[in-house]
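For reference, the structure is listed below as structure tokens.
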Amino acid sequence: MGFFLETLLGGLMTGMLYALVALGFVLIFKASGVFNFAQGAMVLFAALAMARFSEWFPGWLGLDNKIVANLLAFVAAGALMFVVAWLVEHLVLRHLVNQEGATLLMATLGITYFLEGMGQSLFGSDIYSIDIGMPKDPMFLFENTFQGGILVNKEDLIAALIAAALVAALSVFFQKTKTGRALRAVADDHQAAQSIGIPLSRIWVIVWTVAGVVALVAGMIWGSKLGVQFSLATVALRALPVVILGGLTSVPGAIIGGLIIGVGEKLSEVYLGPYVGGGIEIWFAYVLALVFLLFRPQGLFGEKIIDRV
């Protein structure tokens, strides 16, 4: 029982990180109807900015305190993601209002390559580290309940708690604030939202900025775990099945989808892997997403796209 709970808890923690990346897709799609293929590049670009600023600021400002340097780096990287959001809206989105979905999709592919190239030009192409003080050593829980206890990685646990807190804050933001209600109105109908005085351009800047901050937190966590390298952009590919499973238009769907896939990957690898030669964790999420595409393409909590047109 203890081993099962250990595997289950590991899957839940991984699932929260998947949900965090998937949330970036959902936020932008809800507000603009754009499936943002640039989300992975945004994670990479933000992580590069965070890693390099945390290296540069101590030298520039004569700082010895790592916490202060990381806070300044986070603020600077967040401000940079706001600039990216502003440029995307002013140079791309406002010229593509009411265009076909394929046109918008190609635009996000262009943004992807631009961010990857600009990130390499500004910050370099080496492998960088992000040291935010997250503990690497494991710990044992419930030692008095289960023999040997449940082994938990402290870094994974803290990362999952950070992801959960951000997801909860964004859920409150969408449901309880005036700006959040405006974002939901734009998601329902762009033209109707404009007719009642909601500025579409400002809403798009806000939602791309929020998605950029989400990408920054995700990049910071994954960069701390894996190092900041250009393969980090592929983290978004791990979130695609989450989006398909939960639904492109649902914030709760991103959370539930991430948890289902995180747990499913871990349990299937541990309990089914030995019988099929292993490697289930690599393809499990994509097979599950394919099943949903065949039988419920809108996902668990998403609405049919045809209803939004």
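Identifiers in this document derive from the order of the structure tokens: chains are assigned A, B, ..., residues are numbered from 1 separately in each chain, and ligands are numbered from 1 in order of occurrence.
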
*Excluding same-chain residues fewer than 3 positions from Leu104 of chain A, what lies within 12 Å of it counting only C-alpha atoms, as a VMD selection string?*
chain A and resid 28 to 29 32 to 38 88 92 to 101 107 to 111

For the residues in the current selection, export C-alpha atoms as a PDB file, in the first residue's frame.
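Wrote it out as selection_39.pdb, contents follow:
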```pdb
ATOM      1  CA  ILE A  28      -4.747  32.221 -24.576  1.00  0.00           C
ATOM      2  CA  PHE A  29      -7.289  30.036 -26.366  1.00  0.00           C
ATOM      3  CA  SER A  32      -8.406  34.907 -28.358  1.00  0.00           C
ATOM      4  CA  GLY A  33      -9.389  31.584 -29.902  1.00  0.00           C
ATOM      5  CA  VAL A  34      -5.715  31.019 -30.777  1.00  0.00           C
ATOM      6  CA  PHE A  35      -4.060  27.660 -30.155  1.00  0.00           C
ATOM      7  CA  ASN A  36      -0.693  28.991 -29.052  1.00  0.00           C
ATOM      8  CA  PHE A  37       2.059  26.764 -30.368  1.00  0.00           C
ATOM      9  CA  ALA A  38       4.510  29.314 -28.976  1.00  0.00           C
ATOM     10  CA  VAL A  88       2.665  40.089 -29.931  1.00  0.00           C
ATOM     11  CA  VAL A  92       0.643  40.336 -34.784  1.00  0.00           C
ATOM     12  CA  LEU A  93      -2.761  39.848 -33.166  1.00  0.00           C
ATOM     13  CA  ARG A  94      -4.379  43.214 -33.856  1.00  0.00           C
ATOM     14  CA  HIS A  95      -3.722  42.690 -37.578  1.00  0.00           C
ATOM     15  CA  LEU A  96      -5.290  39.227 -37.549  1.00  0.00           C
ATOM     16  CA  VAL A  97      -8.623  39.911 -35.817  1.00  0.00           C
ATOM     17  CA  ASN A  98     -11.397  37.648 -37.200  1.00  0.00           C
ATOM     18  CA  GLN A  99      -8.935  35.752 -39.401  1.00  0.00           C
ATOM     19  CA  GLU A 100      -9.152  32.003 -39.972  1.00  0.00           C
ATOM     20  CA  GLY A 101      -7.850  29.694 -37.262  1.00  0.00           C
ATOM     21  CA  ALA A 107       1.278  33.219 -36.620  1.00  0.00           C
ATOM     22  CA  THR A 108       2.001  31.422 -33.338  1.00  0.00           C
ATOM     23  CA  LEU A 109       4.472  29.150 -35.148  1.00  0.00           C
ATOM     24  CA  GLY A 110       6.245  32.273 -36.363  1.00  0.00           C
ATOM     25  CA  ILE A 111       6.300  33.615 -32.799  1.00  0.00           C
TER      26      ILE A 111
END
```

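Looking only at segment 134-262 of chain A, the set that DSSP places in strand (DSSP E) from backbone geometry is Pro138, Met139, Phe140, Leu141, Ile150, Leu151, Val152 and Asn153 of chain A.
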
Could you please take those selected residues and save N, CA, C and O atoms as a tab-separated table (two decimals), in the first residue's frame?
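See again23.tsv below for the written result:
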```tsv
chain	number	residue	atom	x	y	z
A	138	PRO	N	15.57	13.76	-0.69
A	138	PRO	CA	14.24	13.19	-0.44
A	138	PRO	C	13.89	13.19	1.04
A	138	PRO	O	14.74	13.45	1.89
A	139	MET	N	12.64	12.90	1.33
A	139	MET	CA	12.22	12.75	2.71
A	139	MET	C	11.20	11.61	2.79
A	139	MET	O	10.63	11.20	1.77
A	140	PHE	N	10.98	11.11	4.01
A	140	PHE	CA	10.04	10.02	4.21
A	140	PHE	C	8.84	10.53	5.01
A	140	PHE	O	9.00	11.21	6.03
A	141	LEU	N	7.65	10.19	4.52
A	141	LEU	CA	6.41	10.56	5.18
A	141	LEU	C	5.70	9.31	5.70
A	141	LEU	O	5.89	8.21	5.17
A	150	ILE	N	6.82	6.65	3.11
A	150	ILE	CA	6.61	6.99	1.71
A	150	ILE	C	7.69	7.97	1.28
A	150	ILE	O	7.82	9.06	1.84
A	151	LEU	N	8.49	7.58	0.29
A	151	LEU	CA	9.59	8.40	-0.18
A	151	LEU	C	9.07	9.51	-1.08
A	151	LEU	O	8.37	9.25	-2.07
A	152	VAL	N	9.39	10.75	-0.73
A	152	VAL	CA	8.94	11.92	-1.51
A	152	VAL	C	10.13	12.82	-1.77
A	152	VAL	O	10.92	13.10	-0.85
A	153	ASN	N	10.26	13.28	-2.99
A	153	ASN	CA	11.30	14.24	-3.34
A	153	ASN	C	10.84	15.63	-2.93
A	153	ASN	O	9.79	16.11	-3.36
```

Exercise for the section: Once DSSP has gone over the backbone, tell me which residues of segment 113-288 of chain A are in helix (DSSP H, G or I), as a PyMOL selection string. Expected result: chain A and resi 113-123+154-176+178-188+190-195+200-226+230-246+251-271+273-276+280-288

Separating atom CA of Phe3 of chain A from atom CA of Asn144 of chain A, to the nearest tenth of an Å, is a gap of 14.5 Å

Please tabulate, as a Markdown table, the residues of segment 22-76 of chain A that come within 9 Å of segment 248-267 of chain A, each with its closest pair of atoms and the distance in Å to one decimal, counting only C-alpha atoms and ordering rows by chain, then residue number upward.
```
| residue | atom | partner | partner_atom | distance |
| --- | --- | --- | --- | --- |
| A:Ala22 | CA | A:Ala254 | CA | 5.9 |
| A:Leu23 | CA | A:Ala254 | CA | 6.0 |
| A:Phe25 | CA | A:Leu248 | CA | 7.4 |
| A:Val26 | CA | A:Leu248 | CA | 5.4 |
| A:Leu27 | CA | A:Val251 | CA | 7.6 |
| A:Phe29 | CA | A:Thr249 | CA | 6.7 |
| A:Lys30 | CA | A:Thr249 | CA | 5.5 |
| A:Phe35 | CA | A:Leu248 | CA | 8.5 |
```

Write a file of the selected residues as a CSV table (one decimal), in the first residue's frame, keeping C-alpha atoms.
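The result, stored in selection28.csv:
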```
chain,number,residue,atom,x,y,z
A,22,ALA,CA,-1.3,23.4,-20.1
A,23,LEU,CA,-2.8,26.4,-18.4
A,25,PHE,CA,-2.6,27.1,-23.7
A,26,VAL,CA,-6.0,27.4,-22.1
A,27,LEU,CA,-5.7,31.0,-21.1
A,29,PHE,CA,-7.3,30.0,-26.4
A,30,LYS,CA,-10.1,31.2,-24.1
A,35,PHE,CA,-4.1,27.7,-30.2
```

Which neighbours of segment 62-67 of chain A fall inside 12 Å, counting only C-alpha atoms, when residues of the same chain fewer than 6 positions from it are skipped, and could you give them as a list in words?
Phe53, Ser54, Glu55, Trp56, Ala73, Phe74, Ile130, Asp131, Ile132, Gly133 and Met134 of chain A

Just the selected residues (C-alpha atoms), exported as a PDB file, in the first residue's frame, please.
```
ATOM      1  CA  PHE A  53      19.373  37.692 -15.001  1.00  0.00           C
ATOM      2  CA  SER A  54      20.044  35.773 -11.778  1.00  0.00           C
ATOM      3  CA  GLU A  55      23.674  35.457 -12.949  1.00  0.00           C
ATOM      4  CA  TRP A  56      24.067  39.041 -14.175  1.00  0.00           C
ATOM      5  CA  ALA A  73      15.615  38.271 -11.815  1.00  0.00           C
ATOM      6  CA  PHE A  74      12.021  37.056 -11.529  1.00  0.00           C
ATOM      7  CA  ILE A 130      18.455  28.149 -11.995  1.00  0.00           C
ATOM      8  CA  ASP A 131      19.217  27.919  -8.291  1.00  0.00           C
ATOM      9  CA  ILE A 132      16.214  29.096  -6.305  1.00  0.00           C
ATOM     10  CA  GLY A 133      17.151  27.127  -3.225  1.00  0.00           C
ATOM     11  CA  MET A 134      14.797  24.194  -3.740  1.00  0.00           C
TER      12      MET A 134
END
```
